[in-house]
Amino acid sequence: MRFDLTDLRLFLAVVDAGSITHGAADVGLSLPAASERLRHMEANGGVSLLERGRRGIRPTPAGEALAHHARLIQRQLTQMRGELGEHASGLRATIRLVANTAAIVEYLPSRLVDWMTRHPRTDIDLKERQSIEIARAISAGHAEIGILSDAVDTSGLILRPFAIDRLVAVVPRDHALAGARQVAFADVLHEHFVGLAGGALQDHIDAQAARLGARLKMRVRMRTFESICEMAGRGIGLGIVPETAARRCSRSARIAALRLTDSWATRRLSICTRSLDDLPSPARNLFEHLAGS
C-alpha cells in the first residue's frame, strides 16, 4: 500500500467531517481531486475504506485501522515540526486556528491584534467551523487551537475559558415584542427572519429550528451582523445575533434586543488544544495569550 501524507491527511479529514466535500475543503483539495485520491487509495490497498450512506461517510473496519495509524503519523509530524521550528530562526510560522462564528466576528479581532503585532513573523490560518467540527479537527490534529462552545463533547482536549456568548433576537423598536426583555425561540418561529449567508452560527440556529419541527421563513440572508440588525430595524424580518453585536449595532440601527431563553442560546466558549506539550512555541504562546485575555 502506497499512501502519501496528502492521502492520509485527506482520509482523516473526510472521516472526521463525515463528508468528502468538507474533508476536501479542509485539506485544500477540489472535490474531484479528493474523490480520485480516495478511489486510488481503495484500489491500491485492495480494500474498502469508506462506507457511503444517506447520513454521510463512515469508515469501514479497515478504514478505522487506517485512521488510527494516520493519526499516530500526524502526531509525530506535529512534534517534528515543533522541534525543527525551534531551530528555524528567521522563518515564518503559521498557526492553524478554527473557531465558531461568534468567536471570529465578535472576540478574536481585538484579542489577536496585539499578539500579532508582537509576532510579525507568525501568520494565522483561521477557519470558521461548527463546534462539533472544531472538536474533531483538534482531536485529529488538523488544527493546533480551537474555540468552541460547551455544547459538544470535548473529552480528551485541554480547555480554558474564553468568553460567554449570548444570542438575542433583534426586532424593530415598534415591534409588538420590543418591550419584552426575553423570548423563547419557539414563540418567534412564526415570524419572517433575516439570517446569515452561511456559516457555523446560522447552521446552529437552523438546527435548533429543525429540532422544534420548523424551518425558518427566511426573507434574505446577509453577510454581517450589522446588516442583519439594519434589516431587522427596518422591519424586514427578525434577526438572531450575538448580544455583543446587537449592543454595538443599536447605536445606528433602530432595534430592540430580546434575550433568547433557550439553553442553547447561551454558549460558554472555550479555547482548546489537544496537548500543550505538543504545541510549537508560537502556538503555545498564542494559546496562553487567548486564554488569559
# chains A, B, ... in the order shown; residues from 1 in each chain; ligands from 1

call {"tool": "residues_around", "arguments": {"residues": "Leu269 (chain A)", "least_positions_apart": "5", "cutoff": "8 Å", "atoms": "only C-alpha atoms", "output": "list of chain:residue names"}}
result
A:Ala103, A:Ile147, A:Leu148, A:Ser149, A:Asp150, A:Pro161, A:Phe162, A:Ala163, A:Ile164, A:Asp165

call {"tool": "residues_around", "arguments": {"residues": "Val168 (chain A)", "least_positions_apart": "4", "cutoff": "7 Å", "atoms": "only C-alpha atoms", "output": "PyMOL selection string"}}
result
chain A and resi 240-243+257-260

call {"tool": "write_last_selection", "arguments": {"atoms": "N, CA and C atoms", "output": "JSON list (two decimals), in the first residue's frame"}}
result
[["chain", "number", "residue", "atom", "x", "y", "z"],
["A", 240, "ILE", "N", -31.23, 36.92, 14.54],
["A", 240, "ILE", "CA", -30.63, 36.33, 15.74],
["A", 240, "ILE", "C", -29.13, 36.53, 15.65],
["A", 241, "VAL", "N", -28.60, 37.29, 16.60],
["A", 241, "VAL", "CA", -27.19, 37.67, 16.58],
["A", 241, "VAL", "C", -26.63, 37.61, 18.00],
["A", 242, "PRO", "N", -25.32, 37.60, 18.14],
["A", 242, "PRO", "CA", -24.74, 37.70, 19.50],
["A", 242, "PRO", "C", -25.15, 39.00, 20.18],
["A", 243, "GLU", "N", -25.31, 38.95, 21.49],
["A", 243, "GLU", "CA", -25.71, 40.13, 22.24],
["A", 243, "GLU", "C", -24.70, 41.27, 22.07],
["A", 257, "ALA", "N", -33.37, 44.41, 21.45],
["A", 257, "ALA", "CA", -32.78, 43.08, 21.58],
["A", 257, "ALA", "C", -33.47, 42.31, 22.69],
["A", 258, "LEU", "N", -33.87, 41.06, 22.40],
["A", 258, "LEU", "CA", -34.54, 40.20, 23.37],
["A", 258, "LEU", "C", -33.68, 38.97, 23.59],
["A", 259, "ARG", "N", -33.31, 38.71, 24.83],
["A", 259, "ARG", "CA", -32.52, 37.51, 25.11],
["A", 259, "ARG", "C", -33.36, 36.27, 24.85],
["A", 260, "LEU", "N", -32.79, 35.29, 24.18],
["A", 260, "LEU", "CA", -33.46, 34.02, 23.97],
["A", 260, "LEU", "C", -33.32, 33.18, 25.24]]

call {"tool": "select_by_dssp", "arguments": {"residues": "region 246-285 of chain A", "states": "alpha helix (DSSP H)", "output": "list of chain:residue names"}}
result
A:Ala246, A:Arg247, A:Arg248, A:Cys249, A:Ser281, A:Pro282, A:Ala283, A:Arg284, A:Asn285

call {"tool": "residues_around", "arguments": {"residues": "Ala13 (chain A)", "least_positions_apart": "6", "cutoff": "10 Å", "atoms": "only C-alpha atoms", "output": "PyMOL selection string"}}
result
chain A and resi 7+19-27+67+136-137+140-142

call {"tool": "write_last_selection", "arguments": {"atoms": "N, CA and C atoms", "output": "PDB file, in the first residue's frame"}}
result
ATOM      1  N   ASP A   7      -2.568  11.892   1.101  1.00  0.00           N
ATOM      2  CA  ASP A   7      -3.615  10.873   1.177  1.00  0.00           C
ATOM      3  C   ASP A   7      -4.099  10.706   2.613  1.00  0.00           C
ATOM      4  N   SER A  19     -17.804  13.709   5.538  1.00  0.00           N
ATOM      5  CA  SER A  19     -18.180  14.234   4.225  1.00  0.00           C
ATOM      6  C   SER A  19     -16.931  14.394   3.369  1.00  0.00           C
ATOM      7  N   ILE A  20     -16.991  13.911   2.127  1.00  0.00           N
ATOM      8  CA  ILE A  20     -15.863  14.099   1.224  1.00  0.00           C
ATOM      9  C   ILE A  20     -15.718  15.572   0.862  1.00  0.00           C
ATOM     10  N   THR A  21     -16.848  16.255   0.676  1.00  0.00           N
ATOM     11  CA  THR A  21     -16.815  17.672   0.303  1.00  0.00           C
ATOM     12  C   THR A  21     -16.109  18.502   1.369  1.00  0.00           C
ATOM     13  N   HIS A  22     -16.526  18.359   2.639  1.00  0.00           N
ATOM     14  CA  HIS A  22     -15.929  19.135   3.720  1.00  0.00           C
ATOM     15  C   HIS A  22     -14.489  18.700   3.993  1.00  0.00           C
ATOM     16  N   GLY A  23     -14.243  17.398   3.903  1.00  0.00           N
ATOM     17  CA  GLY A  23     -12.894  16.917   4.128  1.00  0.00           C
ATOM     18  C   GLY A  23     -11.929  17.457   3.084  1.00  0.00           C
ATOM     19  N   ALA A  24     -12.366  17.478   1.819  1.00  0.00           N
ATOM     20  CA  ALA A  24     -11.524  18.019   0.755  1.00  0.00           C
ATOM     21  C   ALA A  24     -11.220  19.488   0.996  1.00  0.00           C
ATOM     22  N   ALA A  25     -12.241  20.248   1.405  1.00  0.00           N
ATOM     23  CA  ALA A  25     -12.041  21.674   1.669  1.00  0.00           C
ATOM     24  C   ALA A  25     -11.060  21.895   2.811  1.00  0.00           C
ATOM     25  N   ASP A  26     -11.098  21.038   3.832  1.00  0.00           N
ATOM     26  CA  ASP A  26     -10.220  21.199   4.985  1.00  0.00           C
ATOM     27  C   ASP A  26      -8.747  21.027   4.623  1.00  0.00           C
ATOM     28  N   VAL A  27      -8.462  20.214   3.601  1.00  0.00           N
ATOM     29  CA  VAL A  27      -7.057  19.998   3.222  1.00  0.00           C
ATOM     30  C   VAL A  27      -6.687  20.729   1.940  1.00  0.00           C
ATOM     31  N   ALA A  67      -7.237   5.051   9.886  1.00  0.00           N
ATOM     32  CA  ALA A  67      -7.366   6.330  10.583  1.00  0.00           C
ATOM     33  C   ALA A  67      -6.523   6.337  11.855  1.00  0.00           C
ATOM     34  N   ARG A 136     -13.507  17.846  16.556  1.00  0.00           N
ATOM     35  CA  ARG A 136     -12.924  16.779  15.736  1.00  0.00           C
ATOM     36  C   ARG A 136     -11.603  17.212  15.125  1.00  0.00           C
ATOM     37  N   ALA A 137     -11.565  18.450  14.640  1.00  0.00           N
ATOM     38  CA  ALA A 137     -10.350  18.939  13.984  1.00  0.00           C
ATOM     39  C   ALA A 137      -9.181  18.979  14.958  1.00  0.00           C
ATOM     40  N   ALA A 140      -8.032  15.416  15.855  1.00  0.00           N
ATOM     41  CA  ALA A 140      -7.354  14.743  14.749  1.00  0.00           C
ATOM     42  C   ALA A 140      -6.049  15.418  14.357  1.00  0.00           C
ATOM     43  N   GLY A 141      -5.756  16.579  14.942  1.00  0.00           N
ATOM     44  CA  GLY A 141      -4.524  17.274  14.610  1.00  0.00           C
ATOM     45  C   GLY A 141      -4.592  18.105  13.351  1.00  0.00           C
ATOM     46  N   HIS A 142      -5.821  18.422  12.875  1.00  0.00           N
ATOM     47  CA  HIS A 142      -5.956  19.267  11.688  1.00  0.00           C
ATOM     48  C   HIS A 142      -5.755  20.747  12.017  1.00  0.00           C
TER      49      HIS A 142
END

call {"tool": "residues_around", "arguments": {"residues": "Ala180 (chain A)", "least_positions_apart": "2", "cutoff": "12 Å", "atoms": "only C-alpha atoms", "output": "PyMOL selection string"}}
result
chain A and resi 168-171+173-178+182-184+256-261

call {"tool": "select_by_dssp", "arguments": {"residues": "region 41-226 of chain A", "states": "strand (DSSP E or B)", "output": "PyMOL selection string"}}
result
chain A and resi 50-53+56-59+93-99+122-128+145-149+158-172+182-183+192-196+217-222

call {"tool": "decode", "arguments": {"residues": "region 71-82 of chain A", "atoms": "all heavy atoms", "output": "PDB file, in the first residue's frame"}}
result
ATOM      1  N   ARG A  71      -3.425   8.952  12.381  1.00  0.00           N
ATOM      2  CA  ARG A  71      -3.374   9.925  13.483  1.00  0.00           C
ATOM      3  C   ARG A  71      -2.030   9.841  14.212  1.00  0.00           C
ATOM      4  O   ARG A  71      -1.478  10.867  14.628  1.00  0.00           O
ATOM      5  CB  ARG A  71      -4.528   9.691  14.456  1.00  0.00           C
ATOM      6  CG  ARG A  71      -5.886  10.119  13.899  1.00  0.00           C
ATOM      7  CD  ARG A  71      -6.964  10.155  14.977  1.00  0.00           C
ATOM      8  NE  ARG A  71      -8.201  10.687  14.441  1.00  0.00           N
ATOM      9  CZ  ARG A  71      -9.195   9.954  13.960  1.00  0.00           C
ATOM     10  NH1 ARG A  71      -9.086   8.626  13.964  1.00  0.00           N
ATOM     11  NH2 ARG A  71     -10.285  10.512  13.484  1.00  0.00           N
ATOM     12  N   LEU A  72      -1.530   8.623  14.393  1.00  0.00           N
ATOM     13  CA  LEU A  72      -0.211   8.488  15.022  1.00  0.00           C
ATOM     14  C   LEU A  72       0.859   9.182  14.185  1.00  0.00           C
ATOM     15  O   LEU A  72       1.734   9.874  14.722  1.00  0.00           O
ATOM     16  CB  LEU A  72       0.128   7.001  15.182  1.00  0.00           C
ATOM     17  CG  LEU A  72      -0.710   6.201  16.180  1.00  0.00           C
ATOM     18  CD1 LEU A  72      -0.277   4.736  16.171  1.00  0.00           C
ATOM     19  CD2 LEU A  72      -0.595   6.785  17.581  1.00  0.00           C
ATOM     20  N   ILE A  73       0.782   9.016  12.871  1.00  0.00           N
ATOM     21  CA  ILE A  73       1.759   9.657  11.985  1.00  0.00           C
ATOM     22  C   ILE A  73       1.651  11.170  12.077  1.00  0.00           C
ATOM     23  O   ILE A  73       2.662  11.880  12.140  1.00  0.00           O
ATOM     24  CB  ILE A  73       1.552   9.169  10.540  1.00  0.00           C
ATOM     25  CG1 ILE A  73       1.931   7.683  10.431  1.00  0.00           C
ATOM     26  CG2 ILE A  73       2.367   9.996   9.557  1.00  0.00           C
ATOM     27  CD1 ILE A  73       1.550   7.048   9.106  1.00  0.00           C
ATOM     28  N   GLN A  74       0.420  11.685  12.099  1.00  0.00           N
ATOM     29  CA  GLN A  74       0.235  13.138  12.174  1.00  0.00           C
ATOM     30  C   GLN A  74       0.774  13.702  13.488  1.00  0.00           C
ATOM     31  O   GLN A  74       1.346  14.791  13.514  1.00  0.00           O
ATOM     32  CB  GLN A  74      -1.242  13.493  12.018  1.00  0.00           C
ATOM     33  CG  GLN A  74      -1.743  13.431  10.586  1.00  0.00           C
ATOM     34  CD  GLN A  74      -2.728  14.530  10.281  1.00  0.00           C
ATOM     35  OE1 GLN A  74      -3.463  14.998  11.149  1.00  0.00           O
ATOM     36  NE2 GLN A  74      -2.747  14.961   9.031  1.00  0.00           N
ATOM     37  N   ARG A  75       0.583  12.977  14.571  1.00  0.00           N
ATOM     38  CA  ARG A  75       1.112  13.456  15.857  1.00  0.00           C
ATOM     39  C   ARG A  75       2.643  13.515  15.826  1.00  0.00           C
ATOM     40  O   ARG A  75       3.248  14.457  16.343  1.00  0.00           O
ATOM     41  CB  ARG A  75       0.632  12.539  16.983  1.00  0.00           C
ATOM     42  CG  ARG A  75      -0.854  12.691  17.291  1.00  0.00           C
ATOM     43  CD  ARG A  75      -1.336  11.628  18.246  1.00  0.00           C
ATOM     44  NE  ARG A  75      -2.778  11.670  18.388  1.00  0.00           N
ATOM     45  CZ  ARG A  75      -3.501  10.711  18.963  1.00  0.00           C
ATOM     46  NH1 ARG A  75      -2.905   9.635  19.448  1.00  0.00           N
ATOM     47  NH2 ARG A  75      -4.817  10.828  19.040  1.00  0.00           N
ATOM     48  N   GLN A  76       3.244  12.506  15.231  1.00  0.00           N
ATOM     49  CA  GLN A  76       4.703  12.516  15.130  1.00  0.00           C
ATOM     50  C   GLN A  76       5.183  13.664  14.253  1.00  0.00           C
ATOM     51  O   GLN A  76       6.194  14.312  14.549  1.00  0.00           O
ATOM     52  CB  GLN A  76       5.183  11.184  14.566  1.00  0.00           C
ATOM     53  CG  GLN A  76       5.011  10.019  15.541  1.00  0.00           C
ATOM     54  CD  GLN A  76       5.419   8.697  14.930  1.00  0.00           C
ATOM     55  OE1 GLN A  76       5.262   8.465  13.740  1.00  0.00           O
ATOM     56  NE2 GLN A  76       5.942   7.802  15.751  1.00  0.00           N
ATOM     57  N   LEU A  77       4.445  13.944  13.164  1.00  0.00           N
ATOM     58  CA  LEU A  77       4.819  15.055  12.293  1.00  0.00           C
ATOM     59  C   LEU A  77       4.692  16.382  13.024  1.00  0.00           C
ATOM     60  O   LEU A  77       5.520  17.285  12.858  1.00  0.00           O
ATOM     61  CB  LEU A  77       3.936  15.056  11.045  1.00  0.00           C
ATOM     62  CG  LEU A  77       4.241  13.989   9.997  1.00  0.00           C
ATOM     63  CD1 LEU A  77       3.168  13.986   8.913  1.00  0.00           C
ATOM     64  CD2 LEU A  77       5.612  14.232   9.369  1.00  0.00           C
ATOM     65  N   THR A  78       3.635  16.523  13.843  1.00  0.00           N
ATOM     66  CA  THR A  78       3.444  17.755  14.605  1.00  0.00           C
ATOM     67  C   THR A  78       4.611  17.977  15.564  1.00  0.00           C
ATOM     68  O   THR A  78       5.146  19.083  15.696  1.00  0.00           O
ATOM     69  CB  THR A  78       2.122  17.706  15.385  1.00  0.00           C
ATOM     70  OG1 THR A  78       1.045  17.597  14.460  1.00  0.00           O
ATOM     71  CG2 THR A  78       1.933  18.965  16.229  1.00  0.00           C
ATOM     72  N   GLN A  79       5.015  16.902  16.260  1.00  0.00           N
ATOM     73  CA  GLN A  79       6.143  17.017  17.180  1.00  0.00           C
ATOM     74  C   GLN A  79       7.428  17.362  16.428  1.00  0.00           C
ATOM     75  O   GLN A  79       8.229  18.181  16.883  1.00  0.00           O
ATOM     76  CB  GLN A  79       6.317  15.701  17.946  1.00  0.00           C
ATOM     77  CG  GLN A  79       5.188  15.430  18.937  1.00  0.00           C
ATOM     78  CD  GLN A  79       5.338  14.079  19.604  1.00  0.00           C
ATOM     79  OE1 GLN A  79       5.947  13.168  19.061  1.00  0.00           O
ATOM     80  NE2 GLN A  79       4.768  13.945  20.787  1.00  0.00           N
ATOM     81  N   MET A  80       7.618  16.748  15.255  1.00  0.00           N
ATOM     82  CA  MET A  80       8.810  17.026  14.469  1.00  0.00           C
ATOM     83  C   MET A  80       8.843  18.478  14.019  1.00  0.00           C
ATOM     84  O   MET A  80       9.878  19.156  14.137  1.00  0.00           O
ATOM     85  CB  MET A  80       8.843  16.114  13.238  1.00  0.00           C
ATOM     86  CG  MET A  80      10.053  16.336  12.326  1.00  0.00           C
ATOM     87  SD  MET A  80       9.938  15.412  10.774  1.00  0.00           S
ATOM     88  CE  MET A  80       8.633  16.348   9.952  1.00  0.00           C
ATOM     89  N   ARG A  81       7.683  18.988  13.536  1.00  0.00           N
ATOM     90  CA  ARG A  81       7.650  20.384  13.098  1.00  0.00           C
ATOM     91  C   ARG A  81       7.946  21.325  14.262  1.00  0.00           C
ATOM     92  O   ARG A  81       8.625  22.339  14.105  1.00  0.00           O
ATOM     93  CB  ARG A  81       6.275  20.708  12.501  1.00  0.00           C
ATOM     94  CG  ARG A  81       5.977  19.988  11.197  1.00  0.00           C
ATOM     95  CD  ARG A  81       4.707  20.549  10.558  1.00  0.00           C
ATOM     96  NE  ARG A  81       4.298  19.767   9.413  1.00  0.00           N
ATOM     97  CZ  ARG A  81       3.275  18.931   9.398  1.00  0.00           C
ATOM     98  NH1 ARG A  81       2.547  18.764  10.484  1.00  0.00           N
ATOM     99  NH2 ARG A  81       2.964  18.267   8.306  1.00  0.00           N
ATOM    100  N   GLY A  82       7.400  20.980  15.441  1.00  0.00           N
ATOM    101  CA  GLY A  82       7.626  21.835  16.596  1.00  0.00           C
ATOM    102  C   GLY A  82       9.098  21.900  16.975  1.00  0.00           C
ATOM    103  O   GLY A  82       9.628  22.976  17.250  1.00  0.00           O
TER     104      GLY A  82
END
